[in-house]
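K.L.:
As input, take final13.txt (compact mmCIF, C-alpha atoms and all ligand atoms):
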# COMPACT_ATOMS: atom_id res chain seq x y z
CA MET A 1 174.08 102.32 -60.17
CA LYS A 2 173.83 99.30 -57.86
CA ILE A 3 176.43 99.08 -55.12
CA LEU A 4 178.08 95.67 -55.41
CA LYS A 5 178.31 93.66 -52.21
CA VAL A 6 181.58 91.83 -51.93
CA GLY A 7 182.96 89.17 -49.59
CA ILE A 8 186.71 88.69 -49.21
CA ILE A 9 188.05 85.21 -48.41
CA GLY A 10 191.57 85.39 -46.92
CA LEU A 11 192.57 88.75 -45.51
CA GLY A 12 196.34 88.42 -45.74
CA ARG A 13 198.62 90.68 -47.72
CA MET A 14 196.67 90.60 -51.01
CA GLY A 15 193.24 90.45 -49.35
CA GLY A 16 194.29 93.60 -47.47
CA PHE A 17 195.19 95.35 -50.74
CA PHE A 18 191.73 94.47 -52.11
CA LEU A 19 190.06 95.75 -48.95
CA ASN A 20 191.90 99.10 -49.21
CA GLU A 21 190.75 99.62 -52.80
CA PHE A 22 187.12 98.60 -52.12
CA LEU A 23 187.00 101.05 -49.20
CA LYS A 24 188.09 103.88 -51.54
CA SER A 25 185.44 103.08 -54.17
CA ASP A 26 181.78 104.15 -54.05
CA ARG A 27 180.78 101.20 -56.28
CA TRP A 28 181.58 98.48 -53.75
CA GLN A 29 180.60 97.56 -50.22
CA VAL A 30 182.59 94.95 -48.31
CA THR A 31 179.91 93.09 -46.36
CA LYS A 32 181.80 89.97 -45.24
CA ILE A 33 185.39 88.98 -44.61
CA CYS A 34 186.51 85.42 -43.92
CA GLU A 35 189.82 85.19 -42.09
CA PRO A 36 190.52 82.04 -40.05
CA ASP A 37 193.35 83.71 -38.13
CA THR A 38 191.26 85.22 -35.33
CA THR A 39 194.26 86.97 -33.77
CA ARG A 40 193.93 89.43 -36.64
CA HIS A 41 190.21 90.09 -36.30
CA GLU A 42 190.54 93.14 -34.06
CA GLU A 43 192.84 94.88 -36.52
CA ILE A 44 190.62 93.92 -39.50
CA ALA A 45 187.47 95.14 -37.68
CA LYS A 46 189.12 98.54 -37.20
CA ARG A 47 189.85 98.76 -40.91
CA ALA A 48 186.42 97.56 -42.05
CA PRO A 49 183.95 98.22 -39.22
CA GLU A 50 180.91 97.60 -41.44
CA ALA A 51 182.00 94.15 -42.61
CA GLU A 52 180.95 90.98 -40.78
CA LEU A 53 183.99 88.92 -39.84
CA VAL A 54 183.73 85.12 -40.12
CA VAL A 55 186.07 82.15 -39.99
CA ASP A 56 184.21 79.75 -42.29
CA GLU A 57 184.50 80.42 -46.03
CA ASP A 58 181.00 78.94 -46.56
CA ASP A 59 179.51 81.87 -44.64
CA VAL A 60 180.67 84.09 -47.52
CA LEU A 61 180.19 81.71 -50.43
CA THR A 62 176.59 80.81 -49.59
CA ASP A 63 175.42 84.26 -48.42
CA PRO A 64 172.58 85.35 -50.73
CA GLU A 65 173.47 89.02 -50.06
CA VAL A 66 176.99 88.67 -51.50
CA ASP A 67 177.26 89.49 -55.24
CA VAL A 68 181.00 89.03 -55.70
CA VAL A 69 183.66 87.03 -53.88
CA VAL A 70 187.38 87.80 -53.78
CA LEU A 71 189.46 84.63 -53.38
CA SER A 72 192.70 85.74 -51.78
CA ALA A 73 193.64 82.78 -49.57
CA LEU A 74 196.30 80.38 -50.89
CA ALA A 75 196.08 78.37 -54.12
CA ASP A 76 195.26 75.02 -52.50
CA THR A 77 191.89 76.39 -51.32
CA ARG A 78 190.96 77.88 -54.67
CA LEU A 79 189.22 75.14 -56.66
CA ARG A 80 186.77 74.18 -53.91
CA GLN A 81 185.95 77.87 -53.36
CA ILE A 82 185.46 78.42 -57.11
CA GLU A 83 183.19 75.35 -57.30
CA LYS A 84 181.05 76.69 -54.47
CA ALA A 85 181.02 80.27 -55.77
CA VAL A 86 179.84 79.06 -59.17
CA SER A 87 177.14 76.87 -57.66
CA TYR A 88 175.86 79.88 -55.67
CA ASN A 89 176.07 82.18 -58.75
CA LYS A 90 178.65 84.55 -57.30
CA HIS A 91 180.88 86.63 -59.55
CA ILE A 92 184.53 85.84 -58.82
CA ILE A 93 187.71 87.88 -58.51
CA SER A 94 190.44 85.32 -57.91
CA GLU A 95 194.03 85.77 -56.94
CA LYS A 96 196.50 83.93 -59.11
CA PRO A 97 197.09 81.07 -59.57
CA ILE A 98 193.48 79.89 -59.92
CA GLY A 99 194.44 76.45 -58.58
CA ASP A 100 197.36 74.51 -57.14
CA THR A 101 197.85 72.22 -60.17
CA PRO A 102 197.28 72.71 -63.92
CA GLU A 103 194.56 70.03 -63.75
CA ASN A 104 192.65 71.98 -61.08
CA GLU A 105 193.18 75.24 -62.95
CA TRP A 106 191.66 73.87 -66.16
CA LYS A 107 188.72 72.52 -64.09
CA ALA A 108 188.24 76.06 -62.76
CA VAL A 109 188.36 77.48 -66.31
CA GLU A 110 185.68 75.05 -67.44
CA LEU A 111 183.49 75.87 -64.45
CA VAL A 112 183.51 79.65 -64.93
CA GLU A 113 183.29 79.55 -68.72
CA ASN A 114 180.07 77.55 -68.45
CA ALA A 115 178.45 79.65 -65.73
CA PRO A 116 176.35 82.82 -65.97
CA ILE A 117 178.84 84.79 -63.88
CA ARG A 118 181.77 87.15 -64.43
CA ALA A 119 185.13 85.79 -63.33
CA THR A 120 188.52 87.43 -63.42
CA VAL A 121 192.03 86.98 -62.04
CA ASN A 122 194.46 89.47 -60.58
CA LEU A 123 197.01 89.25 -63.41
CA TYR A 124 198.02 92.75 -62.40
CA LEU A 125 200.49 93.42 -65.22
CA ARG A 126 197.63 93.30 -67.73
CA ASN A 127 196.13 96.36 -66.02
CA SER A 128 199.40 98.26 -65.91
CA TRP A 129 199.75 101.34 -68.12
CA TYR A 130 203.27 100.29 -69.18
CA LEU A 131 202.30 96.85 -70.53
CA GLN A 132 199.36 98.41 -72.37
CA GLU A 133 201.72 101.03 -73.86
CA LEU A 134 204.15 98.31 -75.02
CA ILE A 135 201.32 96.32 -76.63
CA LYS A 136 200.05 99.45 -78.39
CA VAL A 137 203.45 100.32 -79.82
CA ALA A 138 204.09 96.70 -80.88
CA ASP A 139 200.77 96.71 -82.77
CA SER A 140 201.39 100.13 -84.37
CA GLY A 141 204.13 99.03 -86.78
CA GLU A 142 206.61 101.56 -85.31
CA LEU A 143 209.04 98.76 -84.43
CA GLY A 144 208.74 96.86 -87.73
CA GLU A 145 208.16 93.13 -87.35
CA ILE A 146 208.36 92.01 -83.72
CA ALA A 147 211.29 89.61 -83.40
CA VAL A 148 212.16 89.22 -79.69
CA VAL A 149 210.52 89.96 -76.33
CA ARG A 150 212.66 89.96 -73.20
CA LEU A 151 211.32 90.17 -69.65
CA CYS A 152 213.29 90.16 -66.44
CA HIS A 153 212.23 90.41 -62.81
CA ASN A 154 215.14 89.88 -60.44
CA THR A 155 214.44 91.06 -56.88
CA PRO A 156 215.38 89.94 -53.35
CA GLY A 157 211.66 89.07 -52.77
CA LEU A 158 209.98 86.16 -50.97
CA SER A 159 212.71 83.66 -50.15
CA PRO A 160 212.40 79.85 -50.16
CA GLY A 161 210.44 78.34 -47.28
CA GLU A 162 208.70 81.55 -46.23
CA GLY A 163 205.20 80.56 -47.36
CA HIS A 164 203.24 80.23 -50.60
CA GLU A 165 204.13 76.52 -50.82
CA ALA A 166 200.96 75.88 -52.81
CA GLU A 167 201.97 78.61 -55.26
CA GLY A 168 205.18 76.78 -56.16
CA PRO A 169 208.75 78.03 -56.63
CA ALA A 170 209.45 81.68 -57.49
CA PHE A 171 209.23 81.14 -61.26
CA HIS A 172 205.67 79.92 -60.79
CA ASP A 173 204.48 82.07 -57.89
CA CYS A 174 205.80 85.31 -59.40
CA GLY A 175 207.13 84.24 -62.82
CA MET A 176 203.71 83.26 -64.17
CA HIS A 177 202.95 87.02 -64.38
CA TYR A 178 205.85 87.43 -66.83
CA CYS A 179 204.82 84.38 -68.87
CA ASP A 180 201.40 85.99 -69.13
CA ALA A 181 202.83 89.42 -70.01
CA ALA A 182 204.99 87.93 -72.80
CA HIS A 183 201.92 86.09 -74.12
CA ALA A 184 199.90 89.33 -74.01
CA ILE A 185 202.57 91.32 -75.91
CA VAL A 186 203.09 88.71 -78.62
CA GLY A 187 199.46 87.57 -78.96
CA SER A 188 200.47 84.02 -79.80
CA ASP A 189 200.91 80.79 -77.87
CA PHE A 190 204.23 79.45 -76.57
CA LYS A 191 205.78 76.87 -78.91
CA THR A 192 209.33 75.85 -77.92
CA TYR A 193 211.19 76.39 -74.64
CA HIS A 194 214.36 75.56 -72.75
CA ALA A 195 214.87 76.52 -69.13
CA GLN A 196 217.98 76.89 -67.01
CA ALA A 197 217.60 77.25 -63.26
CA VAL A 198 219.77 77.35 -60.15
CA ARG A 199 218.94 75.85 -56.75
CA PHE A 200 220.09 78.81 -54.64
CA TRP A 201 221.11 78.02 -51.05
CA ALA A 202 220.64 74.26 -51.66
CA TYR A 203 216.84 74.65 -51.35
CA LYS A 204 214.83 71.76 -52.82
CA ASP A 205 213.40 73.99 -55.58
CA PRO A 206 215.12 76.44 -57.92
CA TRP A 207 214.63 80.08 -56.93
CA TRP A 208 216.09 81.59 -60.14
CA LEU A 209 215.11 80.51 -63.63
CA GLU A 210 215.62 81.75 -67.13
CA ALA A 211 213.58 80.35 -70.02
CA HIS A 212 213.91 81.06 -73.70
CA GLY A 213 212.14 79.79 -76.79
CA THR A 214 209.63 80.77 -79.43
CA PHE A 215 205.96 81.53 -79.88
CA GLU A 216 203.82 79.88 -82.57
CA ASN A 217 204.10 83.06 -84.67
CA GLY A 218 207.91 82.94 -84.69
CA VAL A 219 208.66 85.61 -82.09
CA ALA A 220 211.50 84.59 -79.76
CA PHE A 221 211.43 85.26 -76.01
CA ASP A 222 213.51 85.15 -72.90
CA ILE A 223 212.05 85.41 -69.41
CA THR A 224 214.22 85.65 -66.29
CA GLN A 225 212.80 85.59 -62.79
CA GLY A 226 214.46 85.17 -59.43
CA HIS A 227 213.88 86.22 -55.82
CA VAL A 228 217.59 85.76 -55.28
CA TYR A 229 218.92 89.17 -56.23
CA GLY A 230 221.24 90.45 -53.50
CA GLN A 231 219.28 89.03 -50.57
CA LEU A 232 222.15 89.73 -48.16
CA SER A 233 223.47 92.89 -49.79
CA ALA A 234 223.89 95.87 -47.44
CA VAL A 235 221.59 97.97 -49.62
CA GLN A 236 219.15 95.90 -51.64
CA THR A 237 218.24 96.62 -55.24
CA HIS A 238 216.40 94.95 -58.14
CA ASN A 239 216.47 94.72 -61.93
CA SER A 240 213.14 94.62 -63.76
CA TYR A 241 212.48 95.28 -67.41
CA MET A 242 210.44 94.33 -70.43
CA GLU A 243 211.67 95.00 -73.93
CA ILE A 244 210.52 94.41 -77.45
CA ILE A 245 213.08 94.19 -80.24
CA GLY A 246 211.56 94.70 -83.66
CA THR A 247 213.17 94.54 -87.09
CA LYS A 248 213.18 98.35 -87.19
CA GLY A 249 212.87 99.72 -83.68
CA ILE A 250 212.71 98.87 -79.99
CA ALA A 251 210.55 99.67 -76.98
CA ARG A 252 211.39 98.94 -73.37
CA MET A 253 210.25 99.64 -69.86
CA THR A 254 211.83 99.61 -66.47
CA HIS A 255 210.69 100.70 -63.02
CA ASP A 256 211.78 101.32 -59.45
CA PHE A 257 208.41 100.25 -57.93
CA LYS A 258 207.48 103.95 -57.68
CA THR A 259 207.85 105.22 -61.23
CA ALA A 260 207.76 103.24 -64.47
CA VAL A 261 209.46 104.46 -67.62
CA VAL A 262 208.65 103.38 -71.17
CA ASP A 263 211.22 104.27 -73.85
CA ILE A 264 210.06 104.05 -77.44
CA HIS A 265 212.56 104.17 -80.30
CA GLY A 266 210.31 103.64 -83.31
CA VAL A 267 210.77 104.61 -86.95
CA THR A 268 208.90 107.90 -86.51
CA ARG A 269 208.36 108.05 -82.77
CA THR A 270 211.03 108.64 -80.14
CA GLU A 271 209.47 109.07 -76.75
CA ARG A 272 210.13 108.59 -73.06
CA ILE A 273 206.98 108.18 -70.97
CA GLU A 274 207.32 108.38 -67.20
CA ARG A 275 204.35 107.75 -64.91
CA PRO A 276 203.63 106.36 -61.44
CA TYR A 277 204.28 102.61 -61.34
CA GLY A 278 200.76 101.78 -60.14
CA GLY A 279 201.49 98.83 -57.83
CA LYS A 280 199.09 95.92 -58.22
CA ASN A 281 196.51 98.01 -60.15
CA ILE A 282 193.67 96.60 -58.04
CA ASP A 283 191.76 99.88 -58.41
CA LYS A 284 191.67 99.26 -62.17
CA LEU A 285 190.72 95.60 -61.82
CA ILE A 286 187.71 96.31 -59.60
CA GLU A 287 186.55 99.17 -61.86
CA LEU A 288 186.65 96.87 -64.91
CA MET A 289 184.84 94.18 -62.93
CA ALA A 290 182.13 96.60 -61.75
CA ASP A 291 181.69 97.89 -65.35
CA SER A 292 181.45 94.32 -66.67
CA ILE A 293 178.86 93.25 -64.10
CA GLU A 294 176.82 96.41 -64.45
CA SER A 295 176.74 96.52 -68.26
CA GLY A 296 176.41 92.77 -68.75
CA VAL A 297 179.25 93.07 -71.28
CA ARG A 298 182.61 91.69 -70.28
CA SER A 299 185.42 94.25 -70.67
CA ARG A 300 188.10 92.90 -72.99
CA HIS A 301 190.67 94.25 -70.54
CA LEU A 302 189.43 91.99 -67.74
CA PRO A 303 192.00 89.16 -67.36
CA THR A 304 190.46 85.71 -67.87
CA PHE A 305 190.76 82.41 -66.01
CA ARG A 306 191.92 80.87 -69.32
CA GLU A 307 194.82 83.35 -69.60
CA ALA A 308 195.80 82.61 -66.00
CA ALA A 309 195.70 78.84 -66.56
CA MET A 310 197.83 79.13 -69.69
CA ALA A 311 200.49 81.28 -67.99
CA SER A 312 200.58 79.06 -64.93
CA GLU A 313 200.83 75.85 -66.95
CA PHE A 314 203.71 77.29 -68.97
CA ALA A 315 205.56 78.34 -65.80
CA TRP A 316 205.19 74.79 -64.41
CA LYS A 317 206.49 73.38 -67.73
CA CYS A 318 209.58 75.60 -67.50
CA LEU A 319 210.24 74.38 -63.96
CA ASP A 320 209.91 70.74 -65.11
CA ASN A 321 212.23 71.44 -68.04
CA ALA A 322 214.82 73.10 -65.79
CA ARG A 323 215.01 69.93 -63.64
CA GLN A 324 216.36 68.11 -66.71
CA ASN A 325 219.06 70.73 -67.38
CA ASP A 326 221.75 70.20 -64.77
CA LEU A 327 220.12 72.39 -62.07
CA PRO A 328 223.28 73.39 -60.18
CA VAL A 329 223.28 74.21 -56.46
CA ARG A 330 224.83 77.48 -55.31
CA GLY A 331 225.06 78.68 -51.72
CA THR A 332 224.20 76.98 -48.45
CA ALA A 333 221.32 76.34 -46.08
CA GLU A 334 223.18 78.55 -43.55
CA GLU A 335 222.98 81.48 -45.96
CA LEU A 336 219.26 80.87 -46.35
CA GLU A 337 218.89 80.92 -42.57
CA GLN A 338 220.67 84.30 -42.49
CA ILE A 339 218.27 85.55 -45.15
CA HIS A 340 215.23 84.39 -43.12
CA GLN A 341 216.58 86.07 -39.99
CA ARG A 342 217.28 89.30 -41.82
CA ARG A 343 213.86 89.39 -43.50
CA ALA A 344 212.09 88.68 -40.20
CA THR A 345 213.28 92.02 -38.83
CA MET A 346 213.26 94.07 -42.02
CA THR A 347 210.73 96.87 -42.09
CA ASP A 348 211.24 98.07 -45.65
CA GLY A 349 212.14 95.61 -48.35
CA TYR A 350 211.00 93.44 -51.23
CA GLY A 351 208.04 91.04 -50.86
CA LEU A 352 208.11 91.20 -47.08
CA LEU A 353 205.69 89.18 -45.05
CA ARG A 354 202.50 90.83 -43.80
CA LYS A 355 202.50 93.82 -41.40
CA GLN A 356 205.70 95.27 -42.86
CA THR A 357 206.22 97.91 -45.50
CA THR A 358 206.70 96.18 -48.79
CA HIS A 359 207.55 96.91 -52.43
N1 LIG B 1 198.46 89.07 -58.13
C1 LIG B 1 199.59 89.27 -57.50
O1 LIG B 1 200.43 90.06 -57.93
C2 LIG B 1 199.89 88.53 -56.23
C3 LIG B 1 200.93 88.93 -55.40
C4 LIG B 1 201.14 88.23 -54.21
C5 LIG B 1 200.33 87.15 -53.91
N2 LIG B 1 199.35 86.77 -54.76
C6 LIG B 1 198.48 85.62 -54.48
O2 LIG B 1 197.55 85.97 -53.46
C7 LIG B 1 197.27 84.84 -52.64
C8 LIG B 1 197.46 85.26 -51.19
O3 LIG B 1 198.80 85.63 -51.00
P1 LIG B 1 199.24 86.53 -49.78
O4 LIG B 1 200.64 86.93 -50.03
O5 LIG B 1 198.20 87.58 -49.52
O6 LIG B 1 199.21 85.43 -48.63
P2 LIG B 1 198.95 85.64 -47.06
O7 LIG B 1 199.49 84.44 -46.41
O8 LIG B 1 199.42 87.00 -46.64
O9 LIG B 1 197.36 85.65 -46.96
C9 LIG B 1 196.57 84.50 -47.06
C10 LIG B 1 195.46 84.64 -46.01
O10 LIG B 1 194.48 83.63 -46.25
C11 LIG B 1 194.06 83.13 -44.99
N3 LIG B 1 193.46 81.79 -45.22
C12 LIG B 1 194.06 80.61 -45.27
N4 LIG B 1 193.14 79.64 -45.52
C13 LIG B 1 191.95 80.24 -45.63
C14 LIG B 1 190.62 79.80 -45.89
N5 LIG B 1 190.32 78.52 -46.09
N6 LIG B 1 189.65 80.72 -45.94
C15 LIG B 1 189.93 82.02 -45.74
N7 LIG B 1 191.15 82.49 -45.49
C16 LIG B 1 192.15 81.63 -45.44
C17 LIG B 1 195.31 83.13 -44.14
O11 LIG B 1 195.00 83.12 -42.76
C18 LIG B 1 195.95 84.45 -44.58
O12 LIG B 1 195.54 85.55 -43.79
C19 LIG B 1 198.23 83.73 -53.10
O13 LIG B 1 197.53 82.78 -53.84
C20 LIG B 1 199.25 84.43 -53.98
O14 LIG B 1 199.68 83.64 -55.07
C21 LIG B 1 199.12 87.46 -55.89
For this file, write the structure as structure tokens.
Ligand SMILES: NC(=O)c1ccc[n+]([C@@H]2O[C@H](COP(=O)([O-])OP(=O)(O)OC[C@H]3O[C@@H](n4cnc5c(N)ncnc54)[C@H](O)[C@@H]3O)[C@@H](O)[C@H]2O)c1

P.N.:
Amino acid sequence: MKILKVGIIGLGRMGGFFLNEFLKSDRWQVTKICEPDTTRHEEIAKRAPEAELVVDEDDVLTDPEVDVVVLSALADTRLRQIEKAVSYNKHIISEKPIGDTPENEWKAVELVENAPIRATVNLYLRNSWYLQELIKVADSGELGEIAVVRLCHNTPGLSPGEGHEAEGPAFHDCGMHYCDAAHAIVGSDFKTYHAQAVRFWAYKDPWWLEAHGTFENGVAFDITQGHVYGQLSAVQTHNSYMEIIGTKGIARMTHDFKTAVVDIHGVTRTERIERPYGGKNIDKLIELMADSIESGVRSRHLPTFREAAMASEFAWKCLDNARQNDLPVRGTAEELEQIHQRRATMTDGYGLLRKQTTH
């Protein structure tokens, strides 16, 4: 078994998660890390003493020793890095989204689909045990004909103006995962949609959005996402679920970021499955990627650039649609300032900025 040499570009929060998982695996060796913020180099060198630290992404992308690159900087750097990685025949693990605009994302899809490389995206829900369980039960007939899928992810989370500008408002930055999960459960493309959003705290973009509509195969959906859920509450909480309503039975999941629970109420099967939540499932993603590179056969569980582009494009469409549907303002810029101040000193919370404990 060949040890795969990997270079990480962007060692922020997600790049750090990748590094942790590579260090635990005997199939990977992190040989290079590109992080332009040199104030963090000392800390990174302690975590990965064998990796060479650089500040220029080209030092990773053009290095003949590097087999695989992880693209975990922000979305506005992605397309140029993908172009270079493809031209130097590197396999790619990209963070989502794979570009900062749908046009750039479809360019990236075309590039990787026509190159002799493996490319995947960290659509982490696809590698979660609970989504796979829901898909299995939907396909088994236990629920009858699938009629409705409902997904909700309301958390305090990353608030407006804290970063990720290139990733777009919350419904794109985070919500594209739920568009992708709904697409994965139903196995059909989005057809109709209507979106209602709210511009919390008078921010320029909506930070809560609910979309509903149908898939081409007639299944109806609703997706709710907001990083607005009790930002200033004394004790923060969240509400996350996925559920499938069939003509005969239902299946649903919820989690507390530590444990996930899937409840199945099928025609013959009544079951409650409780297992560790699994976080971002990066351990699974890099195993699938190593298997796919080693065997030369792409694992069907490896998320594709095409799937990422579709989910991202749909999330952007919902945001565009919401701008035509009243888009009320609730709250004030002063409240948002209070939220920023509170989050700056929080040590345990939702979607905190780097260096802090985070859910
Ligand atoms: N899959 C998921 O569930 C998930 C979750 C959160 C974030 N993300 C994605 O991961 C990406 C990174 O997010 P984050 O929260 O880790 O951000 P972050 O700001 O913590 O990290 C980004 C890092 O990239 C570095 N950087 C900037 N430009 C660079 C360049 N040209 N070359 C190399 N490094 C560069 C920055 O200095 C920073 O350290 C985003 O695109 C985001 O959408 C994905």

K.L.:
With all atoms listed in the file as the counted atoms, please give the residues lying no more than 7 Å from region 61-65 of chain A, apart from itself and same-chain residues fewer than 5 positions off, as a list in words.

P.N.:
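Counting only the stated atoms, we get Lys84, Ala85 and Tyr88 of chain A.
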
K.L.:
May I have the residues at most 8 Å from (208.8, 105.5, -66.4) in the file's coordinates, counting all atoms listed in the file, as number ranges by chain?

P.N.:
A: 253-255, 259-263, 272-277

K.L.:
Kindly indicate which residue among A:Glu210, A:Asp256, A:Glu287, A:Asp58 lies nearest to Ser299 (chain A), using only C-alpha atoms for the distances.

P.N.:
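The shortest atom-to-atom distance to Ser299 (chain A) comes from A:Glu287.
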
K.L.:
Quick check, in Å to one decimal: how far apart do atom C18 of ligand LIG 1 (chain B) and CA of Leu11 (chain A) lie?

P.N.:
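Straight-line distance from atom C18 of ligand LIG 1 (chain B) to CA of Leu11 (chain A) works out to 5.5 Å.
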
K.L.:
Please compute the CA of Asn127 (chain A)-CA of Lys5 (chain A) distance, one decimal, in Å.

P.N.:
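Computed distance, CA of Asn127 (chain A) to CA of Lys5 (chain A), equals 22.7 Å.
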
K.L.:
Dump the neighbourhood of ligand LIG 1 (chain B) as a ChimeraX atom specification: all residues within 7 Å, distances computed on only C-alpha atoms and all ligand atoms.

P.N.:
/A:9-15,34-37,55-57,72-75,77,95-97,122-124,163-164,167,173,280,353-354

K.L.:
At a cut-off of 7 Å, using only C-alpha atoms, what residues contact Ile146 (chain A)? Leave out same-chain residues fewer than 3 positions from it and give the result as a PDB file with C-alpha atoms, keeping the file's coordinate frame.

P.N.:
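Final output, out.pdb:
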ATOM      1  CA  ALA A 138     204.090  96.700 -80.880  1.00  0.00           C
ATOM      2  CA  LEU A 143     209.040  98.760 -84.430  1.00  0.00           C
ATOM      3  CA  VAL A 219     208.660  85.610 -82.090  1.00  0.00           C
ATOM      4  CA  ILE A 245     213.080  94.190 -80.240  1.00  0.00           C
ATOM      5  CA  GLY A 246     211.560  94.700 -83.660  1.00  0.00           C
ATOM      6  CA  THR A 247     213.170  94.540 -87.090  1.00  0.00           C
TER       7      THR A 247
END

K.L.:
Rank nothing, just name the residue among A:Val121, A:Ala48, A:Arg298, A:Lys107 nearest to Leu71 (chain A), using only C-alpha atoms.

P.N.:
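Ranked by minimum distance to Leu71 (chain A), first place goes to A:Val121.
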
K.L.:
Can you patch up region 5-22 of chain A, filling it in to N, CA and C atoms, and show the result as a short mmCIF file (atom, residue, chain, number, x, y, z; two decimals), in the frame of the given file?

P.N.:
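Dumped everything to result.cif:
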data_model
loop_
_atom_site.label_atom_id
_atom_site.label_comp_id
_atom_site.auth_asym_id
_atom_site.auth_seq_id
_atom_site.Cartn_x
_atom_site.Cartn_y
_atom_site.Cartn_z
N LYS A 5 177.92 94.17 -53.53
CA LYS A 5 178.31 93.66 -52.21
C LYS A 5 179.35 92.56 -52.40
N VAL A 6 180.47 92.74 -51.71
CA VAL A 6 181.58 91.83 -51.93
C VAL A 6 182.02 91.18 -50.62
N GLY A 7 182.40 89.91 -50.73
CA GLY A 7 182.96 89.17 -49.59
C GLY A 7 184.40 88.79 -49.92
N ILE A 8 185.30 89.01 -48.97
CA ILE A 8 186.71 88.69 -49.21
C ILE A 8 187.06 87.43 -48.42
N ILE A 9 187.65 86.45 -49.09
CA ILE A 9 188.05 85.21 -48.41
C ILE A 9 189.57 85.18 -48.33
N GLY A 10 190.11 85.35 -47.14
CA GLY A 10 191.57 85.39 -46.92
C GLY A 10 192.04 86.82 -46.86
N LEU A 11 192.14 87.36 -45.61
CA LEU A 11 192.57 88.75 -45.51
C LEU A 11 194.03 88.83 -45.08
N GLY A 12 194.89 88.28 -45.95
CA GLY A 12 196.34 88.42 -45.74
C GLY A 12 196.82 89.65 -46.48
N ARG A 13 198.02 89.53 -47.05
CA ARG A 13 198.62 90.68 -47.72
C ARG A 13 197.75 91.13 -48.91
N MET A 14 197.43 90.20 -49.82
CA MET A 14 196.67 90.60 -51.01
C MET A 14 195.23 90.95 -50.66
N GLY A 15 194.61 90.15 -49.78
CA GLY A 15 193.24 90.45 -49.35
C GLY A 15 193.17 91.86 -48.78
N GLY A 16 194.22 92.25 -48.04
CA GLY A 16 194.29 93.60 -47.47
C GLY A 16 194.35 94.67 -48.56
N PHE A 17 195.12 94.40 -49.62
CA PHE A 17 195.19 95.35 -50.74
C PHE A 17 193.81 95.52 -51.37
N PHE A 18 193.09 94.39 -51.55
CA PHE A 18 191.73 94.47 -52.11
C PHE A 18 190.84 95.31 -51.20
N LEU A 19 190.91 95.01 -49.90
CA LEU A 19 190.06 95.75 -48.95
C LEU A 19 190.31 97.25 -49.08
N ASN A 20 191.58 97.66 -49.11
CA ASN A 20 191.90 99.10 -49.21
C ASN A 20 191.25 99.73 -50.43
N GLU A 21 191.30 99.03 -51.57
CA GLU A 21 190.75 99.62 -52.80
C GLU A 21 189.22 99.64 -52.77
N PHE A 22 188.59 98.60 -52.22
CA PHE A 22 187.12 98.60 -52.12
C PHE A 22 186.66 99.76 -51.23
#
